[in-house]
file run_30.cif (mmCIF, C-alpha atoms and all ligand atoms)
data_my_file
#
loop_
_atom_site.label_atom_id
_atom_site.label_comp_id
_atom_site.auth_asym_id
_atom_site.auth_seq_id
_atom_site.Cartn_x
_atom_site.Cartn_y
_atom_site.Cartn_z
CA MET Q 1202 33.91 6.79 -17.79
CA PHE Q 1203 31.59 6.90 -14.79
CA PRO Q 1204 31.56 3.91 -12.48
CA ASN Q 1205 28.56 1.76 -13.30
CA TYR Q 1206 27.55 0.62 -9.83
CA LEU Q 1207 24.71 3.15 -9.68
CA TYR Q 1208 23.03 1.90 -12.81
CA MET Q 1209 20.04 -0.31 -12.47
CA LYS Q 1210 19.78 -3.70 -14.16
CA LYS Q 1211 16.85 -4.21 -16.52
CA THR Q 1212 15.47 -7.07 -14.40
CA ILE Q 1213 15.41 -4.84 -11.33
CA ASN Q 1214 13.97 -1.90 -13.23
CA GLU Q 1215 11.12 -4.04 -14.59
CA ALA Q 1216 10.38 -5.60 -11.21
CA LEU Q 1217 10.28 -2.17 -9.54
CA ASN Q 1218 7.98 -0.82 -12.24
CA LYS Q 1219 5.62 -3.70 -11.54
CA GLN Q 1220 5.57 -2.56 -7.93
CA VAL Q 1221 4.93 1.05 -9.03
CA ALA Q 1222 1.82 -0.23 -10.81
CA LEU Q 1223 0.71 -2.21 -7.75
CA GLU Q 1224 1.05 0.81 -5.44
CA ALA Q 1225 -0.91 2.94 -7.91
CA GLU Q 1226 -3.61 0.27 -8.06
CA SER Q 1227 -3.67 0.12 -4.23
CA SER Q 1228 -4.15 3.87 -4.03
CA HIS Q 1229 -7.04 3.64 -6.48
CA ILE Q 1230 -8.68 0.73 -4.65
CA TYR Q 1231 -8.60 2.62 -1.33
CA LEU Q 1232 -9.91 5.74 -3.02
CA ALA Q 1233 -12.93 3.81 -4.31
CA MET Q 1234 -13.50 2.32 -0.86
CA ALA Q 1235 -13.26 5.77 0.77
CA SER Q 1236 -15.81 7.13 -1.64
CA TRP Q 1237 -18.19 4.22 -0.92
CA ALA Q 1238 -17.80 4.78 2.85
CA GLU Q 1239 -18.47 8.50 2.47
CA LYS Q 1240 -21.61 7.88 0.41
CA ASN Q 1241 -22.86 5.39 2.99
CA GLY Q 1242 -22.50 7.61 6.05
CA TYR Q 1243 -19.22 6.28 7.43
CA GLN Q 1244 -17.29 9.54 7.51
CA GLY Q 1245 -14.62 8.25 9.91
CA VAL Q 1246 -13.91 5.21 7.74
CA ALA Q 1247 -13.85 7.47 4.67
CA ASN Q 1248 -11.23 9.75 6.28
CA PHE Q 1249 -9.12 6.75 7.18
CA LEU Q 1250 -9.32 5.34 3.66
CA TYR Q 1251 -8.67 8.66 1.91
CA GLN Q 1252 -5.54 8.93 4.04
CA HIS Q 1253 -4.60 5.34 3.18
CA SER Q 1254 -5.04 6.07 -0.51
CA ASP Q 1255 -2.71 9.08 -0.22
CA GLU Q 1256 -0.11 6.93 1.50
CA GLU Q 1257 -0.19 4.34 -1.26
CA ARG Q 1258 0.44 7.14 -3.74
CA ILE Q 1259 3.47 8.15 -1.65
CA HIS Q 1260 4.70 4.52 -1.77
CA MET Q 1261 4.42 4.70 -5.55
CA LEU Q 1262 6.23 8.06 -5.73
CA LYS Q 1263 9.05 6.81 -3.53
CA LEU Q 1264 9.62 3.95 -6.00
CA ILE Q 1265 9.43 6.19 -9.06
CA ARG Q 1266 12.01 8.59 -7.64
CA PHE Q 1267 14.33 5.78 -6.58
CA ILE Q 1268 14.22 4.17 -10.04
CA ASN Q 1269 14.99 7.46 -11.77
CA GLU Q 1270 17.74 8.39 -9.29
CA ARG Q 1271 19.44 5.10 -10.05
CA GLU Q 1272 19.38 5.87 -13.77
CA GLY Q 1273 16.55 3.46 -14.40
CA SER Q 1274 13.32 4.40 -16.12
CA ALA Q 1275 10.11 4.64 -14.12
CA ILE Q 1276 6.93 3.93 -16.02
CA ILE Q 1277 3.69 5.61 -14.99
CA PRO Q 1278 1.04 2.90 -15.29
CA SER Q 1279 -2.55 3.04 -16.44
CA ILE Q 1280 -4.90 1.95 -13.69
CA LYS Q 1281 -7.96 -0.24 -14.05
CA GLN Q 1282 -11.22 0.87 -12.49
CA PRO Q 1283 -11.53 -0.62 -9.02
CA LYS Q 1284 -14.60 -2.34 -7.56
CA ASP Q 1285 -16.93 0.42 -6.37
CA ASN Q 1286 -19.71 -1.39 -4.58
CA TYR Q 1287 -19.50 -3.11 -1.23
CA LYS Q 1288 -22.06 -4.89 0.91
CA SER Q 1289 -20.58 -3.79 4.23
CA LEU Q 1290 -17.58 -2.51 6.15
CA ILE Q 1291 -16.72 -6.15 6.85
CA GLU Q 1292 -16.33 -6.75 3.12
CA ILE Q 1293 -14.16 -3.63 2.73
CA PHE Q 1294 -11.75 -4.55 5.51
CA HIS Q 1295 -11.66 -8.19 4.47
CA ASP Q 1296 -10.65 -7.05 0.96
CA ILE Q 1297 -8.02 -4.70 2.43
CA LEU Q 1298 -6.38 -7.48 4.42
CA GLU Q 1299 -6.40 -9.81 1.41
CA HIS Q 1300 -4.89 -7.06 -0.77
CA GLU Q 1301 -2.17 -6.19 1.73
CA VAL Q 1302 -1.17 -9.86 2.10
CA TYR Q 1303 -0.85 -9.95 -1.70
CA VAL Q 1304 1.29 -6.77 -1.66
CA THR Q 1305 3.54 -8.26 1.04
CA ASN Q 1306 4.10 -11.34 -1.12
CA GLU Q 1307 4.99 -9.15 -4.09
CA ILE Q 1308 7.46 -7.14 -1.97
CA ASN Q 1309 9.03 -10.38 -0.76
CA LYS Q 1310 9.43 -11.56 -4.37
CA LEU Q 1311 11.11 -8.23 -5.20
CA VAL Q 1312 13.52 -8.61 -2.29
CA GLU Q 1313 14.35 -12.10 -3.55
CA ILE Q 1314 15.13 -10.72 -7.03
CA THR Q 1315 17.50 -8.09 -5.60
CA LEU Q 1316 19.42 -10.80 -3.77
CA LYS Q 1317 19.60 -12.94 -6.88
CA GLU Q 1318 20.88 -9.96 -8.87
CA LYS Q 1319 23.21 -8.86 -6.05
CA ASP Q 1320 21.67 -5.38 -6.11
CA PHE Q 1321 22.28 -4.51 -2.48
CA THR Q 1322 21.30 -0.84 -2.84
CA THR Q 1323 17.80 -1.78 -3.99
CA HIS Q 1324 17.71 -4.51 -1.38
CA HIS Q 1325 18.41 -1.90 1.29
CA PHE Q 1326 15.84 0.50 -0.19
CA LEU Q 1327 13.15 -2.21 -0.08
CA GLN Q 1328 13.56 -2.79 3.64
CA TRP Q 1329 11.34 0.26 4.22
CA TYR Q 1330 8.56 -1.52 2.29
CA VAL Q 1331 9.10 -4.73 4.25
CA SER Q 1332 8.51 -2.88 7.55
CA GLU Q 1333 5.63 -0.90 6.11
CA GLN Q 1334 3.87 -4.10 5.02
CA LEU Q 1335 4.31 -5.59 8.47
CA GLU Q 1336 2.54 -2.57 9.96
CA GLU Q 1337 -0.19 -2.42 7.36
CA GLU Q 1338 -1.02 -6.10 7.66
CA ALA Q 1339 -1.07 -5.93 11.47
CA LEU Q 1340 -3.40 -2.94 11.39
CA ALA Q 1341 -5.73 -4.60 8.86
CA ARG Q 1342 -5.92 -7.76 11.02
CA GLN Q 1343 -6.64 -5.66 14.11
CA ILE Q 1344 -9.49 -3.82 12.36
CA ASN Q 1345 -10.94 -7.08 11.01
CA ASP Q 1346 -10.95 -8.55 14.53
CA LYS Q 1347 -12.72 -5.45 15.87
CA LEU Q 1348 -15.40 -5.66 13.19
CA LYS Q 1349 -15.99 -9.35 13.96
CA LEU Q 1350 -16.60 -8.45 17.60
CA ILE Q 1351 -19.01 -5.64 16.69
CA GLY Q 1352 -21.06 -7.72 14.24
CA ASP Q 1353 -24.35 -5.93 13.44
CA ASP Q 1354 -24.44 -3.80 16.59
CA LYS Q 1355 -25.35 -0.30 15.39
CA MET Q 1356 -23.87 1.53 18.36
CA GLY Q 1357 -20.68 -0.51 17.97
CA LEU Q 1358 -20.46 0.47 14.29
CA TYR Q 1359 -21.07 4.12 15.15
CA LEU Q 1360 -18.19 4.08 17.65
CA PHE Q 1361 -15.98 2.11 15.26
CA ASP Q 1362 -16.52 4.74 12.57
CA ARG Q 1363 -15.79 7.56 15.02
CA ASP Q 1364 -12.57 5.89 16.26
CA LEU Q 1365 -11.28 5.06 12.80
CA GLY Q 1366 -11.63 8.68 11.75
CA SER Q 1367 -8.87 9.64 14.16
CA MET Q 1368 -6.68 6.59 13.61
CA LYS Q 1369 -3.37 6.80 11.74
CA THR Q 1370 -3.15 4.42 8.81
CA SER Q 1371 0.59 4.03 9.15
CA ASN Q 1372 3.76 5.51 10.60
CA GLU Q 1373 4.76 9.17 10.33
CA ASN Q 1374 7.73 8.28 8.12
CA ASP Q 1375 5.38 8.07 5.13
CA SER Q 1376 5.40 11.84 4.85
CA ASN Q 1377 9.19 11.75 4.46
CA ALA Q 1378 9.00 9.57 1.38
FE1 LIG T 1 1.92 0.23 -0.31
FE2 LIG T 1 -0.38 -1.01 1.34
O1 LIG T 1 1.08 -1.24 0.25
#

call {"tool": "encode", "arguments": {"input": "run_30.cif", "output": "structure tokens", "more": "lines below"}}
Ligand code: FEO
result
Amino acid sequence: MFPNYLYMKKTINEALNKQVALEAESSHIYLAMASWAEKNGYQGVANFLYQHSDEERIHMLKLIRFINEREGSAIIPSIKQPKDNYKSLIEIFHDILEHEVYVTNEINKLVEITLKEKDFTTHHFLQWYVSEQLEEEALARQINDKLKLIGDDKMGLYLFDRDLGSMKTSNENDSNA
């Protein structure tokens, strides 16, 4: 008989699958935003958001592989069509911040479940997501502040777009997921 400490409880498996679905949805949302930005002449913003969408997919993959490694069962979710029309960059980055705050809350709930279930392996695994959310939220707030300063200034928006095109969405560790 194999020791059973590696096996994942159903509660944990279900909670992680919920997070898989949320990361997939995030990737889709950022993909739709990137496409809008590209169609509206903001190539730098589009590059940034395409990259962000890829990273969310990596977050999803990391969860799927962890669930399966622990003898759980990862479920690949269906994804609803995201909003595809925006009034402005301000609306896009406002929505991003709101979405990331929501994701952080969901990660925190997950961490709480792992403590309740005494699943310390999953608890440890989730610490990567806790740090990632901290970074993503901070970056989203920083970009929102910048956009508030720029307002309707066309030159400001041009430079903003140019700068964002070369900005990293997150830390390099994402590629190691
Ligand atoms: Fe994977 Fe932006 O949360």

call {"tool": "residues_near_ligand", "arguments": {"input": "run_30.cif", "ligand": "ligand LIG 1 (chain T)", "cutoff": "12 Å", "atoms": "all atoms listed in the file", "output": "MDAnalysis selection string"}}
result
chainID Q and resid 1220:1231 1250 1252:1264 1296:1308 1327 1329:1341 1370:1371 1375 1378

call {"tool": "residues_around", "arguments": {"input": "run_30.cif", "residues": "range 1269-1275 of chain Q", "least_positions_apart": "5", "cutoff": "10 Å", "atoms": "all atoms listed in the file", "output": "PDB file with C-alpha atoms, keeping the file's coordinate frame"}}
result
ATOM      1  CA  TYR Q1206      27.550   0.620  -9.830  1.00  0.00           C
ATOM      2  CA  LEU Q1207      24.710   3.150  -9.680  1.00  0.00           C
ATOM      3  CA  TYR Q1208      23.030   1.900 -12.810  1.00  0.00           C
ATOM      4  CA  MET Q1209      20.040  -0.310 -12.470  1.00  0.00           C
ATOM      5  CA  LYS Q1210      19.780  -3.700 -14.160  1.00  0.00           C
ATOM      6  CA  LYS Q1211      16.850  -4.210 -16.520  1.00  0.00           C
ATOM      7  CA  ILE Q1213      15.410  -4.840 -11.330  1.00  0.00           C
ATOM      8  CA  ASN Q1214      13.970  -1.900 -13.230  1.00  0.00           C
ATOM      9  CA  GLU Q1215      11.120  -4.040 -14.590  1.00  0.00           C
ATOM     10  CA  LEU Q1217      10.280  -2.170  -9.540  1.00  0.00           C
ATOM     11  CA  ASN Q1218       7.980  -0.820 -12.240  1.00  0.00           C
ATOM     12  CA  LYS Q1219       5.620  -3.700 -11.540  1.00  0.00           C
ATOM     13  CA  VAL Q1221       4.930   1.050  -9.030  1.00  0.00           C
ATOM     14  CA  LEU Q1262       6.230   8.060  -5.730  1.00  0.00           C
ATOM     15  CA  LEU Q1264       9.620   3.950  -6.000  1.00  0.00           C
ATOM     16  CA  THR Q1322      21.300  -0.840  -2.840  1.00  0.00           C
ATOM     17  CA  THR Q1323      17.800  -1.780  -3.990  1.00  0.00           C
TER      18      THR Q1323
END

call {"tool": "closest_residue", "arguments": {"input": "run_30.cif", "among": "Q:His1295, Q:Arg1363, Q:Lys1319, Q:Lys1369", "to": "Asn1345 in chain Q", "atoms": "only C-alpha atoms"}}
result
Q:His1295

call {"tool": "axis_aligned_box", "arguments": {"input": "run_30.cif", "around": "range 1338-1350 of chain Q", "padding_each_side": "3 Å", "output": "JSON"}}
result
{"center_x": -8.8, "center_y": -6.1, "center_z": 12.6, "size_x": 21.6, "size_y": 12.4, "size_z": 15.9}

call {"tool": "closest_residue", "arguments": {"input": "run_30.cif", "among": "Q:Ile1277, Q:Ile1344, Q:Leu1350, Q:Met1356", "to": "Met1368 in chain Q", "atoms": "all atoms listed in the file"}}
result
Q:Ile1344

call {"tool": "closest_residue", "arguments": {"input": "run_30.cif", "among": "Q:Ala1216, Q:Leu1290, Q:Val1246, Q:Ala1238", "to": "Ile1276 in chain Q", "atoms": "all atoms listed in the file"}}
result
Q:Ala1216

call {"tool": "atom_distance", "arguments": {"input": "run_30.cif", "atom1": "CA of Lys1284 in chain Q", "atom2": "CA of Asn1241 in chain Q"}}
result
15.5 Å

call {"tool": "closest_residue", "arguments": {"input": "run_30.cif", "among": "Q:Thr1212, Q:Thr1315, Q:Ser1279, Q:Asn1286", "to": "Ser1236 in chain Q", "atoms": "all atoms listed in the file"}}
result
Q:Asn1286

call {"tool": "atom_distance", "arguments": {"input": "run_30.cif", "atom1": "CA of Lys1347 in chain Q", "atom2": "CA of Ser1289 in chain Q"}}
result
14.1 Å

call {"tool": "atom_distance", "arguments": {"input": "run_30.cif", "atom1": "CA of Tyr1251 in chain Q", "atom2": "CA of Ser1367 in chain Q"}}
result
12.3 Å

call {"tool": "closest_residue", "arguments": {"input": "run_30.cif", "among": "Q:Met1234, Q:Arg1266, Q:Phe1321, Q:Lys1310", "to": "Lys1288 in chain Q", "atoms": "all atoms listed in the file"}}
result
Q:Met1234
